[in-house]
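Enquirer: Sending over final19.txt (compact mmCIF, C-alpha atoms).
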```txt
# COMPACT_ATOMS: atom_id res chain seq x y z
CA MET N 111 156.19 54.45 89.20
CA THR N 112 157.49 50.94 89.92
CA ALA N 113 153.94 49.58 89.98
CA GLN N 114 153.22 51.18 86.61
CA ALA N 115 156.43 49.77 85.13
CA ASP N 116 155.50 46.33 86.45
CA ALA N 117 152.04 46.62 84.86
CA ILE N 118 153.56 47.58 81.50
CA TRP N 119 156.02 44.69 81.70
CA ALA N 120 153.14 42.32 82.47
CA LEU N 121 151.30 43.49 79.36
CA LEU N 122 154.41 43.13 77.21
CA SER N 123 154.84 39.60 78.56
CA ALA N 124 151.19 38.90 77.70
CA VAL N 125 151.75 40.07 74.11
CA ARG N 126 154.77 37.76 73.82
CA GLU N 127 152.91 34.82 75.32
CA GLN N 128 149.59 35.22 73.53
CA GLN N 129 150.99 36.46 70.19
CA PRO N 130 147.78 38.31 69.25
CA LEU N 131 146.82 38.29 65.59
CA VAL N 132 146.71 41.95 64.52
CA HIS N 133 144.78 42.70 61.33
CA ASN N 134 146.23 45.77 59.60
CA ILE N 135 144.60 47.90 56.93
CA THR N 136 147.46 50.29 56.56
CA ASN N 137 149.37 52.41 54.07
CA PHE N 138 151.79 51.18 51.45
CA VAL N 139 154.71 53.27 52.71
CA VAL N 140 154.93 51.58 56.12
CA MET N 141 153.52 48.11 55.59
CA ASN N 142 156.85 46.29 55.97
CA ASN N 143 157.94 48.46 58.93
CA THR N 144 154.61 47.85 60.64
CA ALA N 145 154.81 44.09 60.20
CA ASN N 146 158.36 44.02 61.57
CA ALA N 147 157.41 46.19 64.57
CA LEU N 148 154.59 43.79 65.43
CA LEU N 149 156.84 40.76 65.06
CA ALA N 150 159.49 42.40 67.24
CA VAL N 151 157.04 43.03 70.07
CA GLY N 152 155.77 39.45 69.86
CA ALA N 153 152.50 39.87 67.93
CA SER N 154 151.42 38.22 64.70
CA PRO N 155 150.80 40.73 61.86
CA ALA N 156 148.46 40.30 58.90
CA MET N 157 147.97 42.81 56.08
CA ILE N 158 144.46 42.18 54.74
CA HIS N 159 143.01 44.98 52.61
CA SER N 160 140.39 43.51 50.28
CA SER N 161 136.76 44.33 50.95
CA ASP N 162 136.03 40.72 49.96
CA GLU N 163 137.69 39.29 53.08
CA VAL N 164 138.28 41.97 55.73
CA GLU N 165 135.04 41.17 57.57
CA ASP N 166 135.87 37.48 57.83
CA PHE N 167 139.48 38.09 58.82
CA VAL N 168 138.83 40.70 61.48
CA ALA N 169 136.41 38.32 63.16
CA VAL N 170 139.25 35.87 63.84
CA SER N 171 141.76 38.56 64.86
CA GLN N 172 142.53 39.88 68.32
CA ALA N 173 142.85 43.50 67.15
CA LEU N 174 142.37 45.69 64.08
CA VAL N 175 144.59 48.58 62.99
CA VAL N 176 143.15 51.13 60.52
CA ASN N 177 145.62 53.59 58.98
CA ILE N 178 144.58 56.02 56.20
CA GLY N 179 148.05 57.14 55.11
CA THR N 180 147.78 56.22 51.42
CA LEU N 181 144.09 56.93 51.11
CA TYR N 182 141.90 55.69 48.26
CA SER N 183 138.20 54.88 47.89
CA GLU N 184 138.47 51.10 47.95
CA GLN N 185 140.59 51.22 51.11
CA ILE N 186 138.09 53.42 52.93
CA ALA N 187 135.30 51.01 52.02
CA ALA N 188 137.34 48.11 53.43
CA CYS N 189 138.16 50.10 56.58
CA LYS N 190 134.49 50.80 57.24
CA LEU N 191 133.49 47.17 56.73
CA ALA N 192 136.27 45.95 59.00
CA ALA N 193 135.54 48.51 61.71
CA LEU N 194 131.84 47.66 61.77
CA ARG N 195 132.57 43.94 61.96
CA ALA N 196 135.17 44.50 64.67
CA ARG N 197 132.66 46.37 66.78
CA ALA N 198 130.01 43.68 66.26
CA ALA N 199 132.49 40.91 67.12
CA GLY N 200 133.96 42.69 70.14
CA VAL N 201 137.39 43.02 68.51
CA PRO N 202 139.26 46.17 69.66
CA TRP N 203 140.43 48.48 66.92
CA ILE N 204 142.62 51.56 66.63
CA LEU N 205 142.38 54.41 64.13
CA ASP N 206 145.42 56.30 62.81
CA PRO N 207 143.96 59.39 61.04
CA VAL N 208 147.10 60.17 59.03
CA GLY N 209 147.06 63.73 57.68
CA ALA N 210 143.47 64.18 58.83
CA GLY N 211 143.47 67.95 58.26
CA ALA N 212 145.40 67.99 54.98
CA THR N 213 142.48 67.85 52.50
CA PRO N 214 138.67 67.89 52.71
CA TYR N 215 138.51 64.27 51.44
CA ARG N 216 140.97 63.02 54.04
CA ARG N 217 139.27 64.99 56.80
CA ALA N 218 135.87 63.54 55.88
CA ALA N 219 137.24 59.99 55.73
CA ALA N 220 138.92 60.30 59.12
CA SER N 221 135.80 61.77 60.66
CA ALA N 222 133.60 59.01 59.24
CA LEU N 223 135.89 56.32 60.64
CA ALA N 224 136.07 58.06 64.02
CA GLY N 225 132.28 57.90 64.07
CA LEU N 226 132.47 54.09 64.01
CA HIS N 227 133.65 54.06 67.64
CA PRO N 228 137.32 53.01 67.57
CA THR N 229 138.68 51.59 70.78
CA ALA N 230 141.65 53.94 70.50
CA VAL N 231 142.92 56.73 68.27
CA ARG N 232 146.55 57.73 67.77
CA GLY N 233 147.78 60.77 65.88
CA ASN N 234 150.06 63.77 66.02
CA GLY N 235 148.89 67.10 67.39
CA SER N 236 147.48 68.41 64.11
CA GLU N 237 145.67 65.16 63.33
CA ILE N 238 144.00 64.98 66.73
CA LEU N 239 142.98 68.65 66.54
CA ALA N 240 141.48 68.09 63.09
CA LEU N 241 139.56 65.05 64.30
CA ALA N 242 138.36 66.73 67.48
CA GLU N 243 137.43 70.11 66.04
CA ARG N 244 136.14 68.92 62.65
CA THR N 245 137.50 72.11 61.06
CA GLN N 246 140.28 72.69 58.58
CA ALA N 247 141.84 75.59 60.45
CA ALA N 248 142.09 73.75 63.75
CA GLY N 249 144.03 70.74 62.56
CA GLN N 250 145.73 71.79 59.38
CA GLY N 251 149.12 70.12 59.04
CA ARG N 252 151.93 70.16 56.53
CA GLY N 253 150.91 67.02 54.66
CA VAL N 254 151.17 64.24 57.23
CA ASP N 255 153.53 66.25 59.47
CA SER N 256 152.26 68.07 62.52
CA LEU N 257 152.34 71.83 62.91
CA HIS N 258 151.10 71.53 66.50
CA ALA N 259 153.05 70.30 69.51
CA PRO N 260 151.34 67.42 71.36
CA GLU N 261 150.63 69.47 74.46
CA THR N 262 148.53 71.95 72.45
CA ALA N 263 146.09 69.16 71.59
CA VAL N 264 145.62 67.62 75.05
CA GLU N 265 142.34 69.36 75.84
CA ALA N 266 140.96 68.58 72.38
CA ALA N 267 142.02 64.95 72.87
CA ARG N 268 140.30 64.85 76.24
CA ARG N 269 137.05 66.11 74.68
CA LEU N 270 137.34 63.66 71.79
CA ALA N 271 137.96 60.77 74.17
CA ALA N 272 135.03 61.70 76.41
CA ASP N 273 132.63 62.25 73.51
CA SER N 274 133.66 59.07 71.68
CA GLN N 275 134.32 56.91 74.75
CA THR N 276 137.73 55.98 73.39
CA ALA N 277 141.38 56.30 74.37
CA VAL N 278 143.18 59.06 72.46
CA ALA N 279 146.96 59.29 72.08
CA ILE N 280 148.88 62.30 70.84
CA THR N 281 152.46 61.45 69.95
CA GLY N 282 155.50 63.68 69.60
CA ALA N 283 158.48 64.68 71.75
CA VAL N 284 156.22 63.79 74.69
CA ASP N 285 153.30 61.42 74.18
CA TYR N 286 149.96 62.02 75.89
CA VAL N 287 147.17 59.50 76.41
CA THR N 288 143.69 60.27 77.73
CA ASP N 289 140.38 58.48 78.12
CA GLY N 290 138.56 61.74 78.81
CA HIS N 291 139.23 61.50 82.55
CA ARG N 292 142.78 60.27 83.05
CA VAL N 293 145.78 61.81 81.27
CA ALA N 294 149.21 60.17 81.10
CA ALA N 295 152.40 61.78 79.77
CA ILE N 296 155.05 59.43 78.35
CA GLU N 297 158.53 60.87 77.95
CA ASN N 298 160.28 57.84 76.49
CA GLY N 299 161.72 57.88 72.98
CA HIS N 300 164.53 59.65 71.12
CA SER N 301 164.74 62.52 68.63
CA LEU N 302 166.21 60.18 66.00
CA MET N 303 162.85 58.42 65.79
CA ALA N 304 161.46 61.45 63.95
CA ARG N 305 164.02 60.82 61.17
CA VAL N 306 162.63 57.37 60.35
CA THR N 307 159.62 56.95 58.05
CA GLY N 308 156.49 55.55 59.62
CA MET N 309 157.37 55.67 63.30
CA GLY N 310 153.93 56.97 64.22
CA CYS N 311 152.26 54.30 62.09
CA SER N 312 154.38 51.61 63.73
CA ALA N 313 153.48 52.97 67.17
CA THR N 314 149.80 52.66 66.25
CA ALA N 315 150.30 49.03 65.24
CA VAL N 316 152.13 48.25 68.49
CA ILE N 317 149.26 49.78 70.46
CA GLY N 318 147.01 47.45 68.47
CA ALA N 319 149.00 44.48 69.75
CA PHE N 320 148.50 45.63 73.34
CA LEU N 321 144.78 46.17 72.73
CA GLY N 322 144.72 42.52 71.71
CA VAL N 323 145.64 41.43 75.25
CA GLU N 324 144.25 44.26 77.41
CA ARG N 325 140.65 45.47 77.33
CA ASP N 326 141.40 48.69 79.23
CA ALA N 327 142.16 50.86 76.19
CA PHE N 328 143.87 53.54 78.26
CA ALA N 329 146.24 51.03 79.90
CA ALA N 330 146.95 49.28 76.59
CA THR N 331 147.71 52.56 74.82
CA VAL N 332 150.02 53.79 77.57
CA ALA N 333 151.85 50.46 77.64
CA GLY N 334 152.22 50.31 73.86
CA LEU N 335 153.69 53.79 73.62
CA ALA N 336 156.00 53.29 76.62
CA VAL N 337 157.42 50.07 75.17
CA PHE N 338 157.77 51.66 71.74
CA GLY N 339 159.57 54.67 73.21
CA VAL N 340 162.00 52.56 75.23
CA ALA N 341 162.76 50.51 72.12
CA GLY N 342 163.58 53.78 70.34
CA GLU N 343 165.95 54.79 73.12
CA ILE N 344 167.77 51.46 72.92
CA ALA N 345 168.02 51.68 69.14
CA ALA N 346 169.36 55.24 69.32
CA GLN N 347 172.20 54.13 71.61
CA ARG N 348 173.33 51.72 68.90
CA ALA N 349 172.78 53.99 65.92
```
Could the structure of this file be written out as structure tokens, please?

Expert:
Amino acid sequence: MTAQADAIWALLSAVREQQPLVHNITNFVVMNNTANALLAVGASPAMIHSSDEVEDFVAVSQALVVNIGTLYSEQIAACKLAALRARAAGVPWILDPVGAGATPYRRAAASALAGLHPTAVRGNGSEILALAERTQAAGQGRGVDSLHAPETAVEAARRLAADSQTAVAITGAVDYVTDGHRVAAIENGHSLMARVTGMGCSATAVIGAFLGVERDAFAATVAGLAVFGVAGEIAAQRA
């Protein structure tokens, strides 16, 4: 446990020292929160959405965050361009399939982006089930809220990670991370975090920052969620 804590602290120190540039294509509801979360952890956020420049910008970034919360056609086009360029340039990227099971359009968009080989995926139980099972019944949520506890999606996440060769995180009261072989449970955090808009989206962005300094996607995802959860615990003590 001490060794793992030391490894997470080393990655947090690396984020603070290297200040990775994190390119975000994210939703309008959380854009400010996401930028502040990245600044707080030590990263450098950029919100670049236009199809005219996402390819150029992602090529000079250390990580890309793709979040489909406020979904529209032009955004999806930009997400696909950025993801393809990230893969070609060796830039790690993370997908947040917000509300993936809510509508056929959203489910298809999330599935198409997942097919572009993200380095990591983070979602709630319903979103991960929808992405893994590719069916409406499996992952149906209440809008962007989850109707499935994280632990119910662990096996689906493991299959998704193995099939896609990616790290998959399911967040909730307990967070789970898997690369298809390893599974980590992260019990940090506080119930008050669920009462703040965009906590999951901010967690995705923070994972992006860790991906910018650590090529082991499993280790980066675990570290990002652990740091985010501890920050939530500290904030709750002062709330």

Enquirer: To one decimal place in Å, what is the distance between CA of Ser160 in chain N and CA of Glu184 in chain N?

Expert: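 Distance reported for this atom pair: 8.2 Å.
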
Enquirer: When distances are computed from only C-alpha atoms, which of N:Ile118, N:Met157, N:Ala263, N:Val170 shows the smallest separation from Leu335 in chain N?

Expert: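 Of N:Ile118, N:Met157, N:Ala263, N:Val170, the one nearest Leu335 in chain N is N:Ile118, counting only C-alpha atoms.
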
Enquirer: Find the spatial neighbours of Val164 in chain N, counting only C-alpha atoms, within a cut-off of 9 Å - ignore same-chain residues fewer than 5 positions away - and output them as number ranges by chain.

Expert: N: 133, 135, 158-159, 169, 188-189, 191-192, 195

Enquirer: Would you mind telling me which residue in N:Ala150, N:Ala145, N:Val293, N:Ala345 lies nearest to Ala279 in chain N when using only C-alpha atoms?

Expert: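 Checking each of N:Ala150, N:Ala145, N:Val293, N:Ala345 against Ala279 in chain N, counting only C-alpha atoms, the winner is N:Val293.
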
Enquirer: For range 323-326 of chain N, please output as a PDB file with C-alpha atoms, in the coordinates of the input all residues within 10 Å (counting all atoms listed in the file; exclusion window: fewer than 5 positions along the same chain).

Expert:
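Contents of selection_7.pdb, freshly written:
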```
ATOM      1  CA  LEU N 121     151.300  43.490  79.360  1.00  0.00           C
ATOM      2  CA  LEU N 122     154.410  43.130  77.210  1.00  0.00           C
ATOM      3  CA  SER N 123     154.840  39.600  78.560  1.00  0.00           C
ATOM      4  CA  ALA N 124     151.190  38.900  77.700  1.00  0.00           C
ATOM      5  CA  VAL N 125     151.750  40.070  74.110  1.00  0.00           C
ATOM      6  CA  ARG N 126     154.770  37.760  73.820  1.00  0.00           C
ATOM      7  CA  GLU N 127     152.910  34.820  75.320  1.00  0.00           C
ATOM      8  CA  GLN N 128     149.590  35.220  73.530  1.00  0.00           C
ATOM      9  CA  GLN N 129     150.990  36.460  70.190  1.00  0.00           C
ATOM     10  CA  PRO N 130     147.780  38.310  69.250  1.00  0.00           C
ATOM     11  CA  GLN N 172     142.530  39.880  68.320  1.00  0.00           C
ATOM     12  CA  ALA N 173     142.850  43.500  67.150  1.00  0.00           C
ATOM     13  CA  VAL N 201     137.390  43.020  68.510  1.00  0.00           C
ATOM     14  CA  PRO N 202     139.260  46.170  69.660  1.00  0.00           C
ATOM     15  CA  THR N 229     138.680  51.590  70.780  1.00  0.00           C
ATOM     16  CA  ALA N 277     141.380  56.300  74.370  1.00  0.00           C
ATOM     17  CA  ASP N 289     140.380  58.480  78.120  1.00  0.00           C
ATOM     18  CA  GLY N 318     147.010  47.450  68.470  1.00  0.00           C
ATOM     19  CA  THR N 331     147.710  52.560  74.820  1.00  0.00           C
ATOM     20  CA  ALA N 333     151.850  50.460  77.640  1.00  0.00           C
TER      21      ALA N 333
END
```

Enquirer: Near Leu226 in chain N, within 12 Å and counting all atoms listed in the file, which residues show up once chain neighbours fewer than 3 positions away are dropped, as an NGL selection string?

Expert: :N and (176 or 189-198 or 202-205 or 219-223 or 229-231 or 274-276)

Enquirer: In the coordinates of the file, take the point (149.6, 58.0, 56.6) and a cut-off of 10 Å; then, counting all atoms listed in the file, name each qualifying protein, DNA or RNA residue as a PDB file with C-alpha atoms, keeping the file's coordinate frame.

Expert:
```pdb
ATOM      1  CA  THR N 136     147.460  50.290  56.560  1.00  0.00           C
ATOM      2  CA  ASN N 137     149.370  52.410  54.070  1.00  0.00           C
ATOM      3  CA  PHE N 138     151.790  51.180  51.450  1.00  0.00           C
ATOM      4  CA  VAL N 139     154.710  53.270  52.710  1.00  0.00           C
ATOM      5  CA  VAL N 140     154.930  51.580  56.120  1.00  0.00           C
ATOM      6  CA  ASN N 177     145.620  53.590  58.980  1.00  0.00           C
ATOM      7  CA  ILE N 178     144.580  56.020  56.200  1.00  0.00           C
ATOM      8  CA  GLY N 179     148.050  57.140  55.110  1.00  0.00           C
ATOM      9  CA  THR N 180     147.780  56.220  51.420  1.00  0.00           C
ATOM     10  CA  LEU N 181     144.090  56.930  51.110  1.00  0.00           C
ATOM     11  CA  ASP N 206     145.420  56.300  62.810  1.00  0.00           C
ATOM     12  CA  PRO N 207     143.960  59.390  61.040  1.00  0.00           C
ATOM     13  CA  VAL N 208     147.100  60.170  59.030  1.00  0.00           C
ATOM     14  CA  GLY N 209     147.060  63.730  57.680  1.00  0.00           C
ATOM     15  CA  ALA N 210     143.470  64.180  58.830  1.00  0.00           C
ATOM     16  CA  GLY N 233     147.780  60.770  65.880  1.00  0.00           C
ATOM     17  CA  GLY N 253     150.910  67.020  54.660  1.00  0.00           C
ATOM     18  CA  VAL N 254     151.170  64.240  57.230  1.00  0.00           C
ATOM     19  CA  ASP N 255     153.530  66.250  59.470  1.00  0.00           C
ATOM     20  CA  GLY N 308     156.490  55.550  59.620  1.00  0.00           C
ATOM     21  CA  GLY N 310     153.930  56.970  64.220  1.00  0.00           C
ATOM     22  CA  CYS N 311     152.260  54.300  62.090  1.00  0.00           C
TER      23      CYS N 311
END
```

Enquirer: Just the residues within 12 Å of Asn146 in chain N, please, counting all atoms listed in the file, with nothing from its chain fewer than 6 positions along; format it as a PyMOL selection string.

Expert: chain N and resi 140+152-157+308-309+311-313+315-316

Enquirer: When you count all atoms listed in the file, which of these residues is closest to Ala283 in chain N: N:Val151, N:Arg305, N:Pro260, N:Ile317?

Expert: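 Result for the nearest residue to Ala283 in chain N: N:Pro260.
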
Enquirer: Can you pull out every residue within 9 Å of Ala341 in chain N, counting only C-alpha atoms, but drop anything in the same chain fewer than 5 positions away, and send it as a list in words?

Expert: Asn298, Gly299, Ala336 and Ala346 of chain N

Enquirer: Interatomic distance between CA of Val264 in chain N and CA of Gly211 in chain N?

Expert: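 According to the coordinates, CA of Val264 in chain N and CA of Gly211 in chain N are separated by 16.9 Å.
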
Enquirer: Restricting the calculation to all atoms listed in the file, which member of N:Ile186, N:Ala329, N:Leu174, N:Ala349 is positioned closest to Leu302 in chain N?

Expert: N:Ala349

Enquirer: Find, counting all atoms listed in the file, the residue in N:Ile296, N:Asp285, N:Leu241, N:Pro214 that gets nearest to Arg269 in chain N.

Expert: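 Among N:Ile296, N:Asp285, N:Leu241, N:Pro214, it is N:Leu241 that comes nearest to Arg269 in chain N.
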
Enquirer: By how many Å are CA of Phe320 in chain N and CA of Ala199 in chain N apart?

Expert: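 Here the two named atoms are 17.8 Å from each other.
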